[in-house]
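This is upload-v1.txt. It holds compact mmCIF, C-alpha atoms.
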```txt
# COMPACT_ATOMS: atom_id res chain seq x y z
CA MET A 1 0.00 0.00 0.00
CA TRP A 2 2.97 2.30 0.49
CA LEU A 3 4.23 2.22 -3.05
CA PRO A 4 1.22 4.06 -4.59
CA ILE A 5 1.37 6.78 -1.94
CA LEU A 6 5.11 7.16 -2.53
CA PHE A 7 4.45 7.54 -6.26
CA LEU A 8 1.66 10.03 -5.59
CA ILE A 9 4.06 12.15 -3.57
CA ILE A 10 6.72 11.83 -6.28
CA GLY A 11 4.18 12.95 -8.89
CA LEU A 12 3.07 15.91 -6.81
CA GLY A 13 6.66 16.93 -6.16
CA LEU A 14 7.57 16.57 -9.82
CA GLY A 15 4.64 18.75 -10.87
CA LEU A 16 5.32 21.43 -8.28
CA LEU A 17 9.05 21.55 -8.86
CA THR A 18 9.02 21.66 -12.65
CA ASP A 19 6.81 24.75 -12.69
CA ILE A 20 4.69 23.55 -15.61
CA LYS A 21 1.69 25.75 -16.25
CA ILE A 22 -1.34 25.09 -18.42
CA PRO A 23 -2.71 28.08 -20.34
CA ASP A 24 -5.96 29.45 -18.97
CA GLU A 25 -8.13 28.24 -21.84
CA TYR A 26 -7.05 24.61 -21.28
CA SER A 27 -7.29 24.57 -17.50
CA ASN A 28 -10.92 23.50 -17.86
CA TYR A 29 -9.88 20.30 -19.62
CA LEU A 30 -7.23 19.51 -17.06
CA SER A 31 -9.57 19.99 -14.12
CA ILE A 32 -12.10 17.61 -15.59
CA ALA A 33 -9.34 15.16 -16.45
CA VAL A 34 -8.16 15.29 -12.84
CA LEU A 35 -11.69 14.54 -11.70
CA ALA A 36 -11.88 11.56 -14.07
CA ALA A 37 -8.53 10.32 -12.81
CA PHE A 38 -9.71 10.53 -9.21
CA ASP A 39 -12.84 8.60 -10.09
CA THR A 40 -10.83 5.83 -11.70
CA LEU A 41 -8.41 5.70 -8.79
CA PHE A 42 -11.09 5.30 -6.18
CA GLY A 43 -12.86 2.81 -8.42
CA GLY A 44 -9.65 0.81 -8.56
CA ILE A 45 -9.24 0.88 -4.79
CA ARG A 46 -12.80 -0.29 -4.34
CA ALA A 47 -12.31 -3.10 -6.83
CA TYR A 48 -9.15 -4.14 -4.99
CA LEU A 49 -11.03 -4.25 -1.68
CA GLU A 50 -13.77 -6.27 -3.34
CA GLU A 51 -11.02 -8.51 -4.75
CA LYS A 52 -12.25 -7.92 -8.27
CA PHE A 53 -9.31 -5.83 -9.38
CA ASP A 54 -8.42 -6.21 -13.03
CA GLU A 55 -5.37 -4.48 -14.37
CA LYS A 56 -6.75 -4.13 -17.89
CA VAL A 57 -10.04 -2.63 -16.77
CA PHE A 58 -8.23 -0.28 -14.46
CA LEU A 59 -5.71 1.02 -16.99
CA SER A 60 -8.16 1.29 -19.88
CA GLY A 61 -10.70 2.94 -17.58
CA PHE A 62 -8.19 5.52 -16.47
CA PHE A 63 -7.14 6.65 -19.92
CA PHE A 64 -10.57 6.27 -21.49
CA ASN A 65 -12.31 8.27 -18.78
CA VAL A 66 -9.75 11.06 -18.87
CA LEU A 67 -9.96 11.34 -22.64
CA LEU A 68 -13.75 11.13 -22.67
CA ALA A 69 -14.05 13.86 -20.08
CA ALA A 70 -11.67 16.14 -21.95
CA MET A 71 -13.50 15.45 -25.20
CA LEU A 72 -16.86 16.19 -23.60
CA ALA A 73 -15.51 19.51 -22.38
CA PHE A 74 -14.15 20.24 -25.84
CA ILE A 75 -17.44 19.46 -27.57
CA GLY A 76 -19.22 21.57 -24.98
CA VAL A 77 -17.02 24.54 -25.77
CA GLN A 78 -17.60 24.08 -29.50
CA LEU A 79 -21.38 23.84 -29.08
CA GLY A 80 -21.62 26.61 -26.53
CA ILE A 81 -23.16 24.32 -23.90
CA ASP A 82 -21.53 23.69 -20.54
CA LEU A 83 -21.32 20.01 -21.34
CA TYR A 84 -18.44 19.45 -18.94
CA LEU A 85 -20.99 19.83 -16.16
CA ALA A 86 -22.36 16.46 -17.22
CA ALA A 87 -18.95 14.91 -16.65
CA VAL A 88 -18.54 16.75 -13.35
CA PHE A 89 -21.90 15.46 -12.20
CA ALA A 90 -21.31 11.87 -13.27
CA PHE A 91 -17.82 11.67 -11.85
CA GLY A 92 -18.81 13.49 -8.69
CA VAL A 93 -21.62 11.06 -7.94
CA ARG A 94 -19.44 8.06 -8.66
CA LEU A 95 -16.65 9.46 -6.55
CA PHE A 96 -18.94 9.72 -3.55
CA GLN A 97 -20.32 6.23 -4.10
CA ASN A 98 -16.87 4.71 -4.41
CA ILE A 99 -15.58 6.43 -1.31
CA ALA A 100 -18.66 5.34 0.64
CA MET A 101 -18.10 1.72 -0.43
CA ILE A 102 -14.41 1.89 0.49
CA ARG A 103 -15.32 3.23 3.92
CA ARG A 104 -17.80 0.45 4.50
CA TYR A 105 -15.32 -2.25 3.50
CA LEU A 106 -12.70 -0.83 5.80
CA ILE A 107 -15.13 -0.62 8.72
CA ASP A 108 -16.34 -4.16 8.10
CA LYS A 109 -12.80 -5.46 7.95
CA LYS A 110 -11.86 -3.90 11.27
CA TYR A 111 -15.08 -5.05 12.87
CA PHE A 112 -14.62 -8.63 11.79
CA ALA A 113 -10.98 -8.60 12.81
CA LYS A 114 -11.94 -7.52 16.32
CA LYS A 115 -14.68 -10.15 16.56
CA LEU A 116 -12.29 -12.84 15.36
CA LYS A 117 -9.79 -11.82 18.00
CA LYS A 118 -12.45 -11.98 20.68
CA LEU A 119 -13.57 -15.40 19.50
CA LYS A 120 -10.00 -16.67 19.52
CA ARG A 121 -9.47 -15.39 23.03
CA ASN A 122 -12.57 -17.09 24.23
CA MET B 1 -1.50 -8.51 -4.94
CA LYS B 2 1.13 -9.11 -7.57
CA ILE B 3 4.04 -6.73 -7.79
CA LYS B 4 3.06 -5.90 -11.36
CA HIS B 5 -0.39 -4.77 -10.26
CA LYS B 6 1.13 -2.65 -7.58
CA LEU B 7 3.48 -1.03 -10.05
CA VAL B 8 0.63 -0.20 -12.44
CA ILE B 9 -1.46 1.35 -9.70
CA SER B 10 1.55 3.26 -8.44
CA LEU B 11 2.29 4.67 -11.87
CA VAL B 12 -1.33 5.81 -12.23
CA PHE B 13 -1.11 7.38 -8.79
CA GLY B 14 2.03 9.20 -9.87
CA LEU B 15 0.30 10.43 -13.00
CA VAL B 16 -2.67 11.68 -11.00
CA GLY B 17 -0.32 13.45 -8.62
CA LEU B 18 1.39 15.15 -11.52
CA MET B 19 -1.94 16.26 -12.98
CA VAL B 20 -3.14 17.60 -9.66
CA ALA B 21 0.12 19.47 -9.15
CA ILE B 22 -0.04 21.06 -12.61
CA GLN B 23 -3.67 22.00 -12.10
CA PHE B 24 -2.87 23.47 -8.71
CA GLN B 25 0.00 25.45 -10.12
CA SER B 26 -1.99 26.74 -13.10
CA ASN B 27 -4.79 27.99 -10.90
CA ARG B 28 -2.56 29.58 -8.32
CA GLU B 29 -2.31 33.29 -8.94
CA PRO B 30 1.04 34.93 -8.44
CA THR B 31 1.06 37.10 -5.36
CA GLU B 32 1.60 40.74 -6.12
CA ARG B 33 4.63 42.10 -4.46
CA ASP B 34 5.12 45.67 -3.38
CA THR B 35 8.27 46.59 -5.24
CA ARG B 36 8.34 50.27 -4.36
CA ASP B 37 11.39 51.42 -2.52
CA LEU B 38 11.44 53.80 0.43
CA TRP B 39 11.83 56.84 -1.75
CA GLU B 40 8.78 56.10 -3.90
CA ILE B 41 6.65 55.37 -0.86
CA ARG B 42 7.77 58.59 0.74
CA SER B 43 6.98 60.66 -2.34
CA GLN B 44 3.58 59.05 -2.62
CA LEU B 45 2.92 59.79 1.03
CA GLN B 46 3.85 63.39 0.37
CA ASP B 47 1.46 63.58 -2.56
CA GLU B 48 -1.35 62.21 -0.44
CA GLN B 49 -0.61 64.68 2.32
CA LYS B 50 -0.63 67.53 -0.16
CA GLN B 51 -3.99 66.37 -1.44
CA GLN B 52 -5.28 66.12 2.11
CA GLN B 53 -4.23 69.69 2.78
CA GLN B 54 -5.94 70.86 -0.36
CA LEU B 55 -9.13 69.13 0.68
CA TYR B 56 -8.93 70.68 4.14
CA GLN B 57 -8.55 74.09 2.58
CA GLN B 58 -11.57 73.52 0.38
CA ILE B 59 -13.58 72.47 3.41
CA ARG B 60 -12.49 75.59 5.27
CA GLU B 61 -13.52 77.83 2.37
CA ALA B 62 -16.90 76.17 2.15
CA GLU B 63 -17.36 76.52 5.88
CA THR B 64 -16.64 80.23 5.82
CA THR B 65 -19.19 80.63 3.04
CA ILE B 66 -21.77 78.79 5.13
CA GLU B 67 -20.95 80.97 8.12
CA GLN B 68 -21.41 84.08 6.05
CA TYR B 69 -24.74 82.81 4.89
CA GLN B 70 -25.79 82.20 8.47
CA ALA B 71 -24.82 85.74 9.46
CA LYS B 72 -27.88 87.68 10.47
CA SER B 73 -28.22 90.70 8.23
CA GLU B 74 -30.00 90.41 4.91
CA SER B 75 -27.59 92.64 3.02
CA GLU B 76 -24.64 90.51 4.06
CA LYS B 77 -26.40 87.45 2.73
CA VAL B 78 -26.95 89.14 -0.60
CA GLN B 79 -23.34 90.23 -0.64
CA THR B 80 -22.14 86.68 -0.02
CA LEU B 81 -24.44 85.37 -2.69
CA LYS B 82 -23.08 87.85 -5.18
CA GLU B 83 -19.52 86.95 -4.30
CA SER B 84 -20.19 83.23 -4.75
CA LEU B 85 -21.86 83.95 -8.05
CA GLU B 86 -18.85 85.95 -9.17
CA VAL B 87 -16.48 83.16 -8.18
CA LEU B 88 -18.60 80.59 -9.99
CA LYS B 89 -18.81 82.75 -13.09
CA GLU B 90 -15.07 83.13 -13.12
CA GLU B 91 -14.61 79.39 -12.76
CA ALA B 92 -17.07 78.71 -15.56
CA GLY B 93 -15.34 81.17 -17.90
CA PHE B 94 -18.02 83.85 -18.08
CA THR B 95 -15.67 86.69 -17.17
CA GLU B 96 -12.63 88.22 -18.76
CA ILE B 97 -9.53 87.21 -16.94
CA THR B 98 -6.07 88.76 -16.89
CA LYS B 99 -3.14 86.88 -15.49
CA ALA B 100 0.39 85.83 -16.27
CA GLY B 101 0.52 83.01 -18.77
CA LEU B 102 1.95 81.82 -22.04
CA ILE B 103 1.14 82.34 -25.66
CA ILE B 104 1.48 79.50 -28.11
CA ASP B 105 1.75 80.52 -31.75
CA ILE B 106 0.79 77.78 -34.15
CA THR B 107 2.50 78.56 -37.44
CA PRO B 108 2.80 76.63 -40.68
CA VAL B 109 6.13 75.16 -41.73
CA PHE B 110 7.08 74.87 -45.37
CA LEU B 111 9.56 72.22 -46.29
CA GLU B 112 11.98 72.84 -49.09
CA ASN B 113 11.56 69.71 -51.10
CA GLU B 114 10.36 68.79 -54.52
CA SER B 115 7.01 67.29 -53.59
CA LEU B 116 3.92 69.44 -53.55
CA GLN B 117 2.84 70.55 -50.13
CA THR B 118 -0.67 71.58 -49.21
CA TYR B 119 -1.28 74.40 -46.80
CA PRO B 120 -1.15 72.93 -43.28
CA GLU B 121 -4.42 72.75 -41.37
CA LEU B 122 -5.16 72.46 -37.69
CA SER B 123 -7.32 69.37 -37.24
CA PRO B 124 -9.72 69.01 -34.28
CA GLU B 125 -7.89 65.92 -33.05
CA LEU B 126 -4.63 67.83 -32.92
CA LEU B 127 -6.21 70.74 -31.08
CA ASN B 128 -7.88 68.31 -28.67
CA ARG B 129 -4.56 66.69 -27.92
CA LEU B 130 -2.93 70.05 -27.30
CA ILE B 131 -5.68 71.15 -24.92
CA ASN B 132 -5.60 67.84 -23.08
CA GLU B 133 -1.90 68.16 -22.64
CA LEU B 134 -2.13 71.76 -21.46
CA ASN B 135 -4.78 70.79 -18.92
CA ALA B 136 -2.73 67.85 -17.76
CA TYR B 137 0.25 70.10 -17.10
CA GLY B 138 -1.67 72.61 -15.02
CA ALA B 139 -3.31 75.16 -17.33
CA THR B 140 -6.23 76.94 -15.66
CA ASP B 141 -7.76 78.85 -18.58
CA ILE B 142 -7.30 78.42 -22.32
CA ALA B 143 -8.44 80.43 -25.31
CA VAL B 144 -7.92 79.33 -28.90
CA ALA B 145 -7.97 82.27 -31.34
CA ASN B 146 -9.97 84.23 -28.77
CA GLU B 147 -12.48 81.42 -28.32
CA ARG B 148 -12.57 80.69 -24.63
CA ILE B 149 -12.42 76.99 -23.83
CA VAL B 150 -14.93 76.09 -21.12
CA HIS B 151 -16.00 72.72 -19.78
CA ILE B 152 -18.53 72.10 -22.53
CA THR B 153 -16.64 73.63 -25.45
CA PRO B 154 -17.12 71.50 -28.57
CA ILE B 155 -14.15 71.08 -30.89
CA ARG B 156 -15.21 69.39 -34.07
CA SER B 157 -14.79 69.12 -37.75
CA VAL B 158 -17.57 70.64 -39.85
CA ASN B 159 -17.20 70.20 -43.61
CA GLY B 160 -13.47 69.89 -43.21
CA GLU B 161 -13.12 72.99 -41.09
CA THR B 162 -12.32 73.06 -37.42
CA TYR B 163 -15.04 74.60 -35.26
CA VAL B 164 -14.52 75.73 -31.68
CA ASN B 165 -17.57 76.88 -29.71
CA ASN B 166 -19.53 76.47 -32.95
CA HIS B 167 -17.42 79.14 -34.65
CA PRO B 168 -14.97 78.25 -37.41
CA LEU B 169 -11.32 78.79 -36.62
CA PRO B 170 -9.27 80.89 -39.01
CA SER B 171 -6.51 79.11 -40.87
CA VAL B 172 -3.07 79.00 -39.30
CA PRO B 173 -1.24 80.94 -37.85
CA ILE B 174 -3.40 80.80 -34.73
CA GLN B 175 -2.69 82.06 -31.27
CA VAL B 176 -3.49 79.96 -28.20
CA LYS B 177 -3.49 81.82 -24.91
CA VAL B 178 -2.99 79.80 -21.79
CA LEU B 179 -3.16 80.92 -18.18
CA ALA B 180 -1.62 78.87 -15.41
CA ASP B 181 -0.73 79.19 -11.77
CA ASN B 182 2.84 78.39 -12.63
CA PRO B 183 3.44 79.48 -16.25
CA GLU B 184 7.20 78.90 -16.30
CA ARG B 185 6.72 75.29 -15.31
CA LEU B 186 4.05 74.87 -17.98
CA ILE B 187 6.42 76.28 -20.60
CA ASP B 188 9.07 73.79 -19.55
CA TYR B 189 6.58 70.98 -19.87
CA MET B 190 5.33 72.14 -23.26
CA GLU B 191 8.82 72.54 -24.66
CA VAL B 192 9.37 68.79 -24.33
CA SER B 193 5.79 67.70 -24.87
CA GLN B 194 4.47 65.13 -27.29
CA SER B 195 2.31 67.82 -28.89
CA LYS B 196 5.31 69.49 -30.50
CA GLU B 197 6.14 66.29 -32.34
CA ASP B 198 2.52 65.65 -33.27
CA PHE B 199 2.20 69.15 -34.67
CA SER B 200 5.41 68.89 -36.64
CA ILE B 201 4.11 65.75 -38.34
CA GLU B 202 1.29 67.95 -39.68
CA ASN B 203 3.80 70.61 -40.74
CA LEU B 204 2.85 72.91 -37.90
CA GLN B 205 5.17 74.58 -35.47
CA LEU B 206 4.53 75.58 -31.85
CA ASP B 207 6.26 78.74 -30.63
CA ILE B 208 5.80 79.18 -26.92
CA HIS B 209 6.64 82.34 -25.05
CA TYR B 210 5.88 83.83 -21.67
CA GLU B 211 3.78 86.96 -21.22
CA GLU B 212 3.33 88.93 -18.03
CA GLU B 213 -0.26 89.93 -18.69
CA ILE B 214 -2.66 88.04 -20.90
CA THR B 215 -6.35 88.82 -21.14
CA LEU B 216 -8.68 86.04 -22.11
CA ALA B 217 -12.02 86.87 -23.68
CA LYS B 218 -15.09 85.59 -21.89
CA TYR B 219 -17.29 82.77 -23.09
CA GLU B 220 -20.11 84.38 -25.03
CA ASP B 221 -22.76 81.76 -25.70
CA PRO B 222 -25.35 80.69 -23.13
CA ILE B 223 -24.71 77.38 -21.45
CA VAL B 224 -27.60 75.00 -21.90
CA ILE B 225 -28.24 73.11 -18.70
CA ASN B 226 -31.60 71.58 -19.49
CA SER B 227 -30.33 68.13 -18.80
CA LEU B 228 -28.92 69.05 -15.40
CA GLN B 229 -31.03 68.12 -12.41
CA VAL B 230 -30.82 68.79 -8.72
CA THR B 231 -30.39 65.55 -6.82
CA ASP B 232 -32.03 65.00 -3.50
CA SER B 233 -29.11 64.06 -1.33
CA GLU B 234 -31.40 63.24 1.55
CA GLU B 235 -33.06 60.42 -0.31
CA ALA B 236 -30.03 58.24 -0.12
CA GLY B 237 -29.21 56.86 3.27
CA GLU B 238 -32.73 56.84 4.57
CA GLN B 239 -35.01 53.77 4.43
```

Kindly present the structure from the file in structure tokens form.
Amino acid sequence: MWLPILFLIIGLGLGLLTDIKIPDEYSNYLSIAVLAAFDTLFGGIRAYLEEKFDEKVFLSGFFFNVLLAAMLAFIGVQLGIDLYLAAVFAFGVRLFQNIAMIRRYLIDKKYFAKKLKKLKRN
Amino acid sequence: MKIKHKLVISLVFGLVGLMVAIQFQSNREPTERDTRDLWEIRSQLQDEQKQQQQLYQQIREAETTIEQYQAKSESEKVQTLKESLEVLKEEAGFTEITKAGLIIDITPVFLENESLQTYPELSPELLNRLINELNAYGATDIAVANERIVHITPIRSVNGETYVNNHPLPSVPIQVKVLADNPERLIDYMEVSQSKEDFSIENLQLDIHYEEEITLAKYEDPIVINSLQVTDSEEAGEQ
């Protein structure tokens, strides 16, 4: 579990230190892409806790979602509709659901672990 | 979990971190730093203090006027009213005024070259620029070819001729009379002003000289103030 967090910190540090900046007109795309990435990440964690994790689904989901979100934002700009709101809504809802599931799994795990310990002691 | 799975997830985590960092950095606005040094701050402070003093003086003048109005006798009130009216008329340009100032002669320049040259004309834009510049450098009263410039003076082009106060200007040379509280300073400013260059592009020359006593003609036409209205200052603030 430590390796992903280490990589996250490395990524953050790399981004902050290199001083890369996205022009204002593209920051919309990046924000929605970040949201998509978060959604995929939490989805992956949930799948792992459910022991259904599939590398192919995870990787393809990550890139596909990011691209789809960016494309939706792009089409929205071209059509003059705030279409990226659709992506924000969808990803936002899924993000909350995923995090709720993860929380429940973690609580269940701890609960069962404690009960098992008690049973063993008895 | 296999090490390969872990590596994949880790790489995606790293990518997400990078994206978040870039997003964070793009949205962060650079903090504005105060780069003025001590000297600039001090001079600005001085300017503000000067302005404060001016405002205090204006308040004092207004207060004395109010006091005079509140004085008992009727004749005094009338006297004060007349004085205020006189001051206002002078400010609006309804009176002749004689003061030290400068005279700007606008004269045509003829170049000695082969190409044909038309007689130089003073365009409204050029005159506007000159007046703006004079006002910016502290002129108090201006008259162009004996047309007094007041707050509502129109300067415009009518059928190719330049009209000031709805009267056509004569062709150059034209005299511009300018009064100022500090005429020497104004001359210094005008000698190096942008106007000189702008006029020379149009083949016009500005000759500026100081005069001890200049009399400006008064503004002749009536000022139309139909669109002006008295505001009820009491209305605001209540409710």

Quiz item: Within 12 Å of chain A, which residues of chain B show up when using only C-alpha atoms, listed as a ChimeraX atom specification?
Solution: /B:1-29

Self-check item: Among the residues A:Ile32, A:Ala70, A:Ala100, A:Ala47, the one that comes closest to Val88 of chain A [using all atoms listed in the file]
Solution: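 Of all the options, A:Ile32 lies closest to Val88 of chain A.
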
Exercise. Could you give me, as an NGL selection string, the residues within 10 Å of segment 107-124 of chain B, counting only C-alpha atoms and dropping anything in the same chain fewer than 5 positions from it?
Key: :B and (129-130 or 154-158 or 160-164 or 169-175 or 199-200 or 202-207)

Based on the selection just made, write C-alpha atoms of those residues as a PDB file, in the coordinates of the input.
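The resulting file, part38.pdb, is reproduced below:
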```pdb
ATOM      1  CA  ARG B 129      -4.560  66.690 -27.920  1.00  0.00           C
ATOM      2  CA  LEU B 130      -2.930  70.050 -27.300  1.00  0.00           C
ATOM      3  CA  PRO B 154     -17.120  71.500 -28.570  1.00  0.00           C
ATOM      4  CA  ILE B 155     -14.150  71.080 -30.890  1.00  0.00           C
ATOM      5  CA  ARG B 156     -15.210  69.390 -34.070  1.00  0.00           C
ATOM      6  CA  SER B 157     -14.790  69.120 -37.750  1.00  0.00           C
ATOM      7  CA  VAL B 158     -17.570  70.640 -39.850  1.00  0.00           C
ATOM      8  CA  GLY B 160     -13.470  69.890 -43.210  1.00  0.00           C
ATOM      9  CA  GLU B 161     -13.120  72.990 -41.090  1.00  0.00           C
ATOM     10  CA  THR B 162     -12.320  73.060 -37.420  1.00  0.00           C
ATOM     11  CA  TYR B 163     -15.040  74.600 -35.260  1.00  0.00           C
ATOM     12  CA  VAL B 164     -14.520  75.730 -31.680  1.00  0.00           C
ATOM     13  CA  LEU B 169     -11.320  78.790 -36.620  1.00  0.00           C
ATOM     14  CA  PRO B 170      -9.270  80.890 -39.010  1.00  0.00           C
ATOM     15  CA  SER B 171      -6.510  79.110 -40.870  1.00  0.00           C
ATOM     16  CA  VAL B 172      -3.070  79.000 -39.300  1.00  0.00           C
ATOM     17  CA  PRO B 173      -1.240  80.940 -37.850  1.00  0.00           C
ATOM     18  CA  ILE B 174      -3.400  80.800 -34.730  1.00  0.00           C
ATOM     19  CA  GLN B 175      -2.690  82.060 -31.270  1.00  0.00           C
ATOM     20  CA  PHE B 199       2.200  69.150 -34.670  1.00  0.00           C
ATOM     21  CA  SER B 200       5.410  68.890 -36.640  1.00  0.00           C
ATOM     22  CA  GLU B 202       1.290  67.950 -39.680  1.00  0.00           C
ATOM     23  CA  ASN B 203       3.800  70.610 -40.740  1.00  0.00           C
ATOM     24  CA  LEU B 204       2.850  72.910 -37.900  1.00  0.00           C
ATOM     25  CA  GLN B 205       5.170  74.580 -35.470  1.00  0.00           C
ATOM     26  CA  LEU B 206       4.530  75.580 -31.850  1.00  0.00           C
ATOM     27  CA  ASP B 207       6.260  78.740 -30.630  1.00  0.00           C
TER      28      ASP B 207
END
```

Self-check item: atom CA of Glu40 of chain B to atom CA of Gln57 of chain B, distance in Å rounded to a single decimal
Solution: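 These atoms are spaced 25.8 Å apart.
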
Quiz item: Quick one: of A:Lys109, A:Phe42, A:Tyr84, A:Gln97, who's nearest to Leu68 of chain A, counting only C-alpha atoms?
Solution: A:Tyr84

Quiz item: Looking at B:Val150, B:Ile97, B:Lys177, B:Thr65, which one is nearest to Lys82 of chain B, with distances taken over all atoms listed in the file?
Solution: B:Thr65
